[in-house]
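Structure file entry-v1.cif; described as mmCIF, C-alpha atoms.
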data_my_file
#
loop_
_atom_site.label_atom_id
_atom_site.label_comp_id
_atom_site.auth_asym_id
_atom_site.auth_seq_id
_atom_site.Cartn_x
_atom_site.Cartn_y
_atom_site.Cartn_z
CA MET A 4 111.69 152.84 132.85
CA GLU A 5 113.33 156.26 133.10
CA GLU A 6 111.25 159.08 134.55
CA LYS A 7 110.35 162.12 132.49
CA GLY A 8 113.03 164.73 132.94
CA ALA A 9 115.48 162.33 134.63
CA VAL A 10 118.92 161.88 133.09
CA SER A 11 121.83 160.24 134.97
CA GLY A 12 120.90 161.41 138.45
CA ILE A 13 119.47 164.77 137.35
CA MET A 14 115.77 165.61 137.14
CA ILE A 15 114.48 168.69 135.33
CA LEU A 16 111.15 169.91 136.72
CA GLU A 17 109.22 172.02 134.21
CA PHE A 18 106.69 174.55 135.48
CA GLU A 19 103.40 174.11 133.64
CA GLU A 20 100.48 176.50 133.59
CA ASP A 21 97.38 175.04 135.22
CA VAL A 22 94.90 176.57 132.79
CA ALA A 23 91.81 175.12 134.49
CA LEU A 24 92.83 176.37 137.92
CA THR A 25 93.78 179.79 136.56
CA GLU A 26 90.35 180.03 134.92
CA LYS A 27 88.62 178.92 138.12
CA MET A 28 90.39 181.67 140.06
CA ARG A 29 89.50 184.25 137.39
CA MET A 30 85.87 183.15 137.65
CA ARG A 31 86.02 183.79 141.41
CA VAL A 32 87.14 187.38 140.78
CA SER A 33 84.44 187.85 138.12
CA SER A 34 81.77 186.38 140.39
CA LEU A 35 82.66 188.76 143.22
CA GLN A 36 82.64 191.74 140.85
CA CYS A 37 79.26 190.81 139.32
CA SER A 38 77.58 190.20 142.66
CA GLY A 39 79.13 193.23 144.34
CA GLN A 40 80.52 191.06 147.13
CA LYS A 41 83.90 191.47 148.78
CA ARG A 42 86.59 188.84 149.07
CA GLN A 43 86.88 186.87 152.28
CA ASP A 44 89.12 188.39 154.93
CA GLY A 45 92.69 187.43 153.97
CA GLU A 46 91.67 185.94 150.62
CA ARG A 47 94.19 186.38 147.79
CA LEU A 48 92.46 187.00 144.46
CA LEU A 49 94.21 186.38 141.16
CA LEU A 50 95.32 189.59 139.44
CA PRO A 51 94.90 190.06 135.66
CA HIS A 52 98.66 189.69 135.00
CA GLU A 53 98.93 186.44 137.02
CA ALA A 54 98.46 182.75 136.27
CA VAL A 55 98.65 179.55 138.32
CA TYR A 56 101.45 177.13 137.49
CA ARG A 57 102.30 173.76 138.97
CA LEU A 58 105.14 171.33 139.48
CA ASP A 59 104.37 167.63 139.66
CA PHE A 60 106.89 165.70 141.73
CA GLN A 61 107.50 162.18 140.46
CA ARG A 62 110.09 161.69 143.18
CA GLN A 63 110.39 163.10 146.66
CA ASP A 64 114.18 162.78 147.13
CA LEU A 65 115.33 165.93 145.32
CA SER A 66 118.30 168.19 145.90
CA PHE A 67 118.06 171.58 144.14
CA ARG A 68 120.90 172.47 141.74
CA HIS A 69 119.94 175.50 139.61
CA TRP A 70 117.28 177.33 137.62
CA ASN A 71 116.78 177.14 133.84
CA VAL A 72 114.85 180.20 132.75
CA SER A 73 114.51 181.86 129.38
CA LEU A 74 112.37 184.87 128.59
CA GLY A 75 111.91 186.30 125.13
CA GLY A 76 112.12 190.08 125.17
CA CYS A 77 112.15 192.22 128.27
CA GLY A 78 110.04 192.14 131.40
CA ARG A 79 109.78 190.79 134.90
CA VAL A 80 108.44 187.43 136.07
CA THR A 81 107.76 186.87 139.75
CA ILE A 82 107.13 183.34 141.03
CA THR A 83 105.42 182.85 144.38
CA GLY A 84 105.10 179.41 145.93
CA ILE A 85 101.87 178.34 147.60
CA SER A 86 101.96 176.28 150.78
CA GLN A 87 100.71 172.73 151.07
CA HIS A 88 97.72 173.89 153.10
CA TRP A 89 95.87 175.03 149.98
CA THR A 90 93.43 172.58 148.43
CA PRO A 91 92.25 174.47 145.34
CA ASP A 92 89.22 172.26 144.78
CA LEU A 93 87.95 172.97 148.32
CA THR A 94 89.17 176.37 149.52
CA HIS A 95 89.98 179.86 148.29
CA LEU A 96 93.61 180.97 148.21
CA MET A 97 94.53 182.94 151.33
CA ALA A 98 97.41 185.42 151.56
CA ARG A 99 98.91 183.50 154.49
CA GLN A 100 99.45 180.51 152.16
CA LEU A 101 101.96 182.39 149.99
CA LEU A 102 105.58 181.43 150.63
CA GLU A 103 108.72 183.53 150.86
CA PRO A 104 111.11 184.20 149.35
CA VAL A 105 109.61 184.79 145.94
CA GLY A 106 111.61 184.21 142.79
CA THR A 107 112.05 187.13 140.41
CA PHE A 108 113.70 187.09 136.98
CA TRP A 109 113.94 190.17 134.78
CA ARG A 110 115.46 191.79 131.75
CA GLY A 111 115.20 195.56 131.33
CA ALA A 112 114.00 197.31 128.19
CA ASP A 113 117.41 199.08 128.04
CA ASP A 114 119.38 195.82 128.22
CA PRO A 115 121.06 194.82 124.94
CA ASP A 116 119.61 191.95 122.89
CA GLY A 117 120.81 188.60 124.16
CA CYS A 118 121.52 189.97 127.62
CA GLU A 119 121.21 187.31 130.32
CA LEU A 120 118.26 187.41 132.70
CA LYS A 121 118.93 188.96 136.08
CA TRP A 122 117.84 187.59 139.45
CA LEU A 123 118.72 187.80 143.12
CA GLU A 124 120.94 184.75 143.42
CA ALA A 125 120.60 184.12 147.18
CA ASP A 126 116.79 184.38 147.07
CA MET A 127 116.56 182.10 144.04
CA GLN A 128 118.84 179.52 145.63
CA GLU A 129 116.75 179.54 148.83
CA PHE A 130 113.54 179.36 146.79
CA GLY A 131 114.82 176.35 144.81
CA GLU A 132 115.95 174.59 147.99
CA ARG A 133 112.54 175.21 149.55
CA ILE A 134 110.79 173.63 146.56
CA ALA A 135 113.02 170.53 146.85
CA GLU A 136 112.30 170.35 150.59
CA LEU A 137 108.54 170.60 150.05
CA ALA A 138 108.74 167.90 147.37
CA LYS A 139 109.54 165.44 150.17
CA VAL A 140 105.96 165.65 151.43
CA ARG A 141 104.02 166.55 148.30
CA LYS A 142 103.12 165.19 144.89
CA VAL A 143 102.26 168.60 143.41
CA MET A 144 103.01 172.22 144.24
CA TYR A 145 101.26 175.33 142.94
CA PHE A 146 102.74 178.73 142.14
CA LEU A 147 101.53 182.18 141.15
CA PHE A 148 103.44 183.57 138.17
CA ALA A 149 103.13 187.34 137.72
CA PHE A 150 104.07 188.80 134.33
CA LYS A 151 105.02 192.49 134.39
CA ASP A 152 106.83 195.14 132.37
CA GLY A 153 106.20 193.41 129.03
CA ALA A 154 106.85 189.80 130.06
CA GLU A 155 104.49 187.27 128.49
CA ALA A 156 103.71 183.70 129.47
CA ALA A 157 104.14 182.53 125.88
CA LYS A 158 107.74 183.77 125.90
CA LEU A 159 108.75 182.09 129.17
CA ARG A 160 110.35 178.68 129.77
CA CYS A 161 111.06 177.90 133.38
CA SER A 162 112.36 174.79 135.10
CA CYS A 163 114.59 173.82 137.97
CA LYS A 164 117.31 171.20 137.87
CA ASN A 165 117.54 168.79 140.80
CA LYS A 166 119.87 165.96 141.74
CA ILE A 167 118.10 162.68 142.50
#
For this file, write the structure as structure tokens.
Amino acid sequence: MEEKGAVSGIMILEFEEDVALTEKMRMRVSSLQCSGQKRQDGERLLLPHEAVYRLDFQRQDLSFRHWNVSLGGCGRVTITGISQHWTPDLTHLMARQLLEPVGTFWRGADDPDGCELKWLEADMQEFGERIAELAKVRKVMYFLFAFKDGAEAAKLRCSCKNKI
């Protein structure tokens, strides 16, 4: 049986929003605001323009090839990986669990229609390679997606292509 996303030695990994986890993190922010409490020292709270996404690894032997990203309209999307030390059902997200480099894709409001997305190629290559490396020891990986400057989650498709 062929795996989802696998075609002749290539596997496409689609980022999917984890709606339940995003909501859980929003409830944490709301709970702190309502009770007047402060976040834990070093805790990273979800911002209003952010959402939690995930990649599920069906295989651990991946070799990153390239990004497939499309964004309708203009805006900026920043993707931050979260380390394997975060267990969202047990602990709050801490700033030290955020990985570098981050991935950033953007299209300016002044760019002509149909203009390709821009990104920092070296950072995105390193980020993709890091995801493939972490897949060797994980079944799932979480990410924070930040939508800025007019970018919307509904207008984003994001995946990475890997050789298997």
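Distance check against Val143 of chain A using only C-alpha atoms: of A:Glu19, A:Asp59, A:Glu53, A:Asp44, the minimum falls on A:Asp59.
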Picked residues, the PyMOL selection byres ((chain A and resi 104) around 10), as a PyMOL selection string = chain A and resi 82-84+101-103+105-107+125-131+133
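Selection by the PyMOL selection byres ((chain A and resi 66-74) around 8) on the present file picks out Asp64, Leu65, Gly75, Gly76, Cys77, Leu120, Gln128, Gly131, Glu132, Ile134, Ala135, Glu136, Ala154, Lys158, Leu159, Arg160, Cys161, Ser162, Cys163, Lys164, Asn165, Lys166 and Ile167 of chain A.
If you measure from each of A:Asp114, A:Glu119, A:Glu124, A:Glu46 to Arg99 of chain A using all atoms listed in the file, the closest one turns out to be A:Glu46.
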Residues within 7 Å of (109.5, 193.2, 133.6), file coords, all atoms listed in the file, listed as a list in words | Cys77, Gly78, Arg79, Val80, Trp109, Arg110, Gly111, Lys151, Asp152, Gly153 and Ala154 of chain A
Near segment 22-33 of chain A, within 12 Å and counting all atoms listed in the file, which residues show up once chain neighbours fewer than 5 positions away are dropped, as number ranges by chain?
-> A: 38-43, 46-57, 90-96, 145-148, 156
Just to be explicit: take each residue in the selection above, keep C-alpha atoms, and write the result as a PDB file, keeping the file's coordinate frame.
ATOM      1  CA  SER A  38      77.580 190.200 142.660  1.00  0.00           C
ATOM      2  CA  GLY A  39      79.130 193.230 144.340  1.00  0.00           C
ATOM      3  CA  GLN A  40      80.520 191.060 147.130  1.00  0.00           C
ATOM      4  CA  LYS A  41      83.900 191.470 148.780  1.00  0.00           C
ATOM      5  CA  ARG A  42      86.590 188.840 149.070  1.00  0.00           C
ATOM      6  CA  GLN A  43      86.880 186.870 152.280  1.00  0.00           C
ATOM      7  CA  GLU A  46      91.670 185.940 150.620  1.00  0.00           C
ATOM      8  CA  ARG A  47      94.190 186.380 147.790  1.00  0.00           C
ATOM      9  CA  LEU A  48      92.460 187.000 144.460  1.00  0.00           C
ATOM     10  CA  LEU A  49      94.210 186.380 141.160  1.00  0.00           C
ATOM     11  CA  LEU A  50      95.320 189.590 139.440  1.00  0.00           C
ATOM     12  CA  PRO A  51      94.900 190.060 135.660  1.00  0.00           C
ATOM     13  CA  HIS A  52      98.660 189.690 135.000  1.00  0.00           C
ATOM     14  CA  GLU A  53      98.930 186.440 137.020  1.00  0.00           C
ATOM     15  CA  ALA A  54      98.460 182.750 136.270  1.00  0.00           C
ATOM     16  CA  VAL A  55      98.650 179.550 138.320  1.00  0.00           C
ATOM     17  CA  TYR A  56     101.450 177.130 137.490  1.00  0.00           C
ATOM     18  CA  ARG A  57     102.300 173.760 138.970  1.00  0.00           C
ATOM     19  CA  THR A  90      93.430 172.580 148.430  1.00  0.00           C
ATOM     20  CA  PRO A  91      92.250 174.470 145.340  1.00  0.00           C
ATOM     21  CA  ASP A  92      89.220 172.260 144.780  1.00  0.00           C
ATOM     22  CA  LEU A  93      87.950 172.970 148.320  1.00  0.00           C
ATOM     23  CA  THR A  94      89.170 176.370 149.520  1.00  0.00           C
ATOM     24  CA  HIS A  95      89.980 179.860 148.290  1.00  0.00           C
ATOM     25  CA  LEU A  96      93.610 180.970 148.210  1.00  0.00           C
ATOM     26  CA  TYR A 145     101.260 175.330 142.940  1.00  0.00           C
ATOM     27  CA  PHE A 146     102.740 178.730 142.140  1.00  0.00           C
ATOM     28  CA  LEU A 147     101.530 182.180 141.150  1.00  0.00           C
ATOM     29  CA  PHE A 148     103.440 183.570 138.170  1.00  0.00           C
ATOM     30  CA  ALA A 156     103.710 183.700 129.470  1.00  0.00           C
TER      31      ALA A 156
END
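For the pair atom CA of Gln87 of chain A and atom CA of Gln61 of chain A, the separation is 16.4 Å.
Distance check against Trp122 of chain A using all atoms listed in the file: of A:Gln100, A:Thr81, A:Gln63, A:Ser86, the minimum falls on A:Thr81.
Picture a line from atom CA of Ala112 of chain A to atom CA of Glu20 of chain A; it runs 25.4 Å.
Interatomic distance, atom CA of Phe60 of chain A to atom CA of Gly45 of chain A: 28.7 Å.
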